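Enquirer: File upload02.cif follows (mmCIF, C-alpha atoms; chains and numbers go by the auth columns):
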data_query
#
loop_
_atom_site.group_PDB
_atom_site.id
_atom_site.type_symbol
_atom_site.label_atom_id
_atom_site.label_comp_id
_atom_site.label_asym_id
_atom_site.label_seq_id
_atom_site.Cartn_x
_atom_site.Cartn_y
_atom_site.Cartn_z
_atom_site.B_iso_or_equiv
_atom_site.auth_seq_id
_atom_site.auth_asym_id
ATOM 1 C CA MET A 1 -22.081 43.808 25.746 0.00 518 A
ATOM 2 C CA ASN A 2 -21.076 45.944 22.804 0.00 519 A
ATOM 3 C CA GLY A 3 -23.643 48.221 21.276 0.00 520 A
ATOM 4 C CA ALA A 4 -24.077 51.040 18.875 0.00 521 A
ATOM 5 C CA GLN A 5 -25.909 54.104 20.020 0.00 522 A
ATOM 6 C CA ASN A 6 -25.630 57.252 17.924 0.00 523 A
ATOM 7 C CA ASN A 7 -22.637 55.657 16.139 0.00 524 A
ATOM 8 C CA THR A 8 -20.803 55.346 19.487 0.00 525 A
ATOM 9 C CA LEU A 9 -19.259 52.020 20.436 0.00 526 A
ATOM 10 C CA TYR A 10 -19.449 51.257 24.122 0.00 527 A
ATOM 11 C CA TYR A 11 -18.554 48.341 26.380 0.00 528 A
ATOM 12 C CA THR A 12 -19.836 47.097 29.696 0.00 529 A
ATOM 13 C CA GLY A 13 -17.941 45.188 32.336 0.00 530 A
ATOM 14 C CA ILE A 14 -16.955 44.723 35.962 0.00 531 A
ATOM 15 C CA ILE A 15 -13.989 46.397 37.656 0.00 532 A
ATOM 16 C CA LEU A 16 -11.691 43.656 38.948 0.00 533 A
ATOM 17 C CA LYS A 17 -8.710 45.622 40.217 0.00 534 A
ATOM 18 C CA LEU A 18 -7.583 49.183 40.868 0.00 535 A
ATOM 19 C CA GLU A 19 -3.891 50.003 40.447 0.00 536 A
ATOM 20 C CA ASN A 20 -2.252 53.413 40.495 0.00 537 A
ATOM 21 C CA ASP A 21 -4.241 55.419 37.930 0.00 538 A
ATOM 22 C CA LYS A 22 -5.884 52.447 36.149 0.00 539 A
ATOM 23 C CA ALA A 23 -8.920 50.225 36.635 0.00 540 A
ATOM 24 C CA ILE A 24 -8.718 46.697 35.216 0.00 541 A
ATOM 25 C CA VAL A 25 -12.108 45.708 33.754 0.00 542 A
ATOM 26 C CA LEU A 26 -13.416 42.329 32.611 0.00 543 A
ATOM 27 C CA THR A 27 -15.852 43.067 29.777 0.00 544 A
ATOM 28 C CA ASP A 28 -19.011 41.115 29.060 0.00 545 A
ATOM 29 C CA GLU A 29 -17.096 39.499 26.155 0.00 546 A
ATOM 30 C CA PHE A 30 -14.450 38.231 28.646 0.00 547 A
ATOM 31 C CA ASP A 31 -11.755 40.653 27.483 0.00 548 A
ATOM 32 C CA PHE A 32 -9.571 42.592 29.898 0.00 549 A
ATOM 33 C CA MET A 33 -9.259 46.348 29.397 0.00 550 A
ATOM 34 C CA GLU A 34 -7.577 49.160 31.313 0.00 551 A
ATOM 35 C CA LEU A 35 -9.534 52.324 32.018 0.00 552 A
ATOM 36 C CA ARG A 36 -8.367 55.603 33.476 0.00 553 A
ATOM 37 C CA LEU A 37 -9.204 55.605 37.166 0.00 554 A
ATOM 38 C CA LYS A 38 -11.937 58.080 38.034 0.00 555 A
ATOM 39 C CA PRO A 39 -13.134 59.239 41.449 0.00 556 A
ATOM 40 C CA GLY A 40 -15.627 56.831 42.986 0.00 557 A
ATOM 41 C CA MET A 41 -14.547 53.739 41.041 0.00 558 A
ATOM 42 C CA GLN A 42 -14.388 50.590 43.142 0.00 559 A
ATOM 43 C CA ARG A 43 -13.856 46.853 42.735 0.00 560 A
ATOM 44 C CA GLY A 44 -16.988 44.974 41.692 0.00 561 A
ATOM 45 C CA GLN A 45 -18.588 48.048 40.160 0.00 562 A
ATOM 46 C CA HIS A 46 -20.437 47.570 36.860 0.00 563 A
ATOM 47 C CA VAL A 47 -19.275 50.132 34.285 0.00 564 A
ATOM 48 C CA ILE A 48 -20.308 51.255 30.816 0.00 565 A
ATOM 49 C CA PHE A 49 -17.528 52.942 28.881 0.00 566 A
ATOM 50 C CA ASP A 50 -16.336 54.176 25.509 0.00 567 A
ATOM 51 C CA PRO A 51 -12.765 52.916 24.977 0.00 568 A
ATOM 52 C CA GLU A 52 -11.952 55.926 22.785 0.00 569 A
ATOM 53 C CA PHE A 53 -12.303 58.249 25.782 0.00 570 A
ATOM 54 C CA ASP A 54 -11.777 56.050 28.843 0.00 571 A
ATOM 55 C CA THR A 55 -8.642 54.034 28.048 0.00 572 A
#
Could I get this structure in the form of structure tokens?
Expert:
Amino acid sequence: MNGAQNNTLYYTGIILKLENDKAIVLTDEFDFMELRLKPGMQRGQHVIFDPEFDT
């Protein structure tokens, strides 16, 4: 789900796959996005992210 909060665009989704330094996420709008892998990320985890800072 996209939303605006304090003029910040954010996305939510589920991590499908972890590869090297990237996490592949399926967003609530059924788009695939790559995020920078962060400590503690795991498959199946629900994430909220700002693509400006996390991709």
Enquirer: For the PyMOL selection byres ((chain A and resi 572) around 6), applied here, can you spell out every residue it catches as an MDAnalysis selection string?
Expert: chainID A and resid 551:553 568 571
Enquirer: Quick one: everything within 12 Å of Thr529 (chain A), counting all atoms listed in the file, minus sequence neighbours fewer than 3 positions away in the same chain. Send it as a PDB file with C-alpha atoms, in the frame of the given file.
Expert:
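And here is the file that came out, around-v4.pdb:
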ATOM      1  CA  MET A 518     -22.081  43.808  25.746  1.00  0.00           C
ATOM      2  CA  ASN A 519     -21.076  45.944  22.804  1.00  0.00           C
ATOM      3  CA  GLY A 520     -23.643  48.221  21.276  1.00  0.00           C
ATOM      4  CA  LEU A 526     -19.259  52.020  20.436  1.00  0.00           C
ATOM      5  CA  ILE A 532     -13.989  46.397  37.656  1.00  0.00           C
ATOM      6  CA  VAL A 542     -12.108  45.708  33.754  1.00  0.00           C
ATOM      7  CA  LEU A 543     -13.416  42.329  32.611  1.00  0.00           C
ATOM      8  CA  THR A 544     -15.852  43.067  29.777  1.00  0.00           C
ATOM      9  CA  ASP A 545     -19.011  41.115  29.060  1.00  0.00           C
ATOM     10  CA  GLU A 546     -17.096  39.499  26.155  1.00  0.00           C
ATOM     11  CA  PHE A 547     -14.450  38.231  28.646  1.00  0.00           C
ATOM     12  CA  ASP A 548     -11.755  40.653  27.483  1.00  0.00           C
ATOM     13  CA  PHE A 549      -9.571  42.592  29.898  1.00  0.00           C
ATOM     14  CA  MET A 550      -9.259  46.348  29.397  1.00  0.00           C
ATOM     15  CA  LEU A 552      -9.534  52.324  32.018  1.00  0.00           C
ATOM     16  CA  GLN A 562     -18.588  48.048  40.160  1.00  0.00           C
ATOM     17  CA  HIS A 563     -20.437  47.570  36.860  1.00  0.00           C
ATOM     18  CA  VAL A 564     -19.275  50.132  34.285  1.00  0.00           C
ATOM     19  CA  ILE A 565     -20.308  51.255  30.816  1.00  0.00           C
ATOM     20  CA  PHE A 566     -17.528  52.942  28.881  1.00  0.00           C
ATOM     21  CA  ASP A 567     -16.336  54.176  25.509  1.00  0.00           C
ATOM     22  CA  PRO A 568     -12.765  52.916  24.977  1.00  0.00           C
TER      23      PRO A 568
END
Enquirer: What's the separation between CA of Leu535 (chain A) and CA of Pro556 (chain A), in Å to one decimal place?
Expert: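 One can read the CA of Leu535 (chain A) to CA of Pro556 (chain A) distance as 11.5 Å.
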Enquirer: Just how far from CA of Leu533 (chain A) is CA of Glu569 (chain A), in Å to one decimal?
Expert: 20.3 Å
Enquirer: Output region 558-570 of chain A as a PDB file, in the coordinates of the input, making sure N, CA and C atoms are there.
Expert:
ATOM      1  N   MET A 558     -14.639  55.105  41.571  1.00  0.00           N
ATOM      2  CA  MET A 558     -14.547  53.739  41.041  1.00  0.00           C
ATOM      3  C   MET A 558     -14.138  52.789  42.160  1.00  0.00           C
ATOM      4  N   GLN A 559     -14.745  51.588  42.145  1.00  0.00           N
ATOM      5  CA  GLN A 559     -14.388  50.590  43.142  1.00  0.00           C
ATOM      6  C   GLN A 559     -14.526  49.189  42.563  1.00  0.00           C
ATOM      7  N   ARG A 560     -13.806  48.247  43.186  1.00  0.00           N
ATOM      8  CA  ARG A 560     -13.856  46.853  42.735  1.00  0.00           C
ATOM      9  C   ARG A 560     -15.286  46.343  42.785  1.00  0.00           C
ATOM     10  N   GLY A 561     -15.654  45.559  41.761  1.00  0.00           N
ATOM     11  CA  GLY A 561     -16.988  44.974  41.692  1.00  0.00           C
ATOM     12  C   GLY A 561     -18.020  45.865  41.029  1.00  0.00           C
ATOM     13  N   GLN A 562     -17.651  47.093  40.763  1.00  0.00           N
ATOM     14  CA  GLN A 562     -18.588  48.048  40.160  1.00  0.00           C
ATOM     15  C   GLN A 562     -18.826  47.704  38.693  1.00  0.00           C
ATOM     16  N   HIS A 563     -20.068  47.771  38.264  1.00  0.00           N
ATOM     17  CA  HIS A 563     -20.437  47.570  36.860  1.00  0.00           C
ATOM     18  C   HIS A 563     -20.251  48.905  36.149  1.00  0.00           C
ATOM     19  N   VAL A 564     -19.545  48.893  35.008  1.00  0.00           N
ATOM     20  CA  VAL A 564     -19.275  50.132  34.285  1.00  0.00           C
ATOM     21  C   VAL A 564     -19.681  50.005  32.825  1.00  0.00           C
ATOM     22  N   ILE A 565     -20.050  51.118  32.250  1.00  0.00           N
ATOM     23  CA  ILE A 565     -20.308  51.255  30.816  1.00  0.00           C
ATOM     24  C   ILE A 565     -19.333  52.315  30.344  1.00  0.00           C
ATOM     25  N   PHE A 566     -18.555  52.005  29.289  1.00  0.00           N
ATOM     26  CA  PHE A 566     -17.528  52.942  28.881  1.00  0.00           C
ATOM     27  C   PHE A 566     -17.297  52.917  27.389  1.00  0.00           C
ATOM     28  N   ASP A 567     -16.749  54.008  26.899  1.00  0.00           N
ATOM     29  CA  ASP A 567     -16.336  54.176  25.509  1.00  0.00           C
ATOM     30  C   ASP A 567     -14.816  54.108  25.498  1.00  0.00           C
ATOM     31  N   PRO A 568     -14.219  53.068  24.922  1.00  0.00           N
ATOM     32  CA  PRO A 568     -12.765  52.916  24.977  1.00  0.00           C
ATOM     33  C   PRO A 568     -12.000  54.064  24.324  1.00  0.00           C
ATOM     34  N   GLU A 569     -12.631  54.790  23.431  1.00  0.00           N
ATOM     35  CA  GLU A 569     -11.952  55.926  22.785  1.00  0.00           C
ATOM     36  C   GLU A 569     -11.641  57.024  23.798  1.00  0.00           C
ATOM     37  N   PHE A 570     -12.473  57.174  24.813  1.00  0.00           N
ATOM     38  CA  PHE A 570     -12.303  58.249  25.782  1.00  0.00           C
ATOM     39  C   PHE A 570     -11.826  57.781  27.144  1.00  0.00           C
TER      40      PHE A 570
END
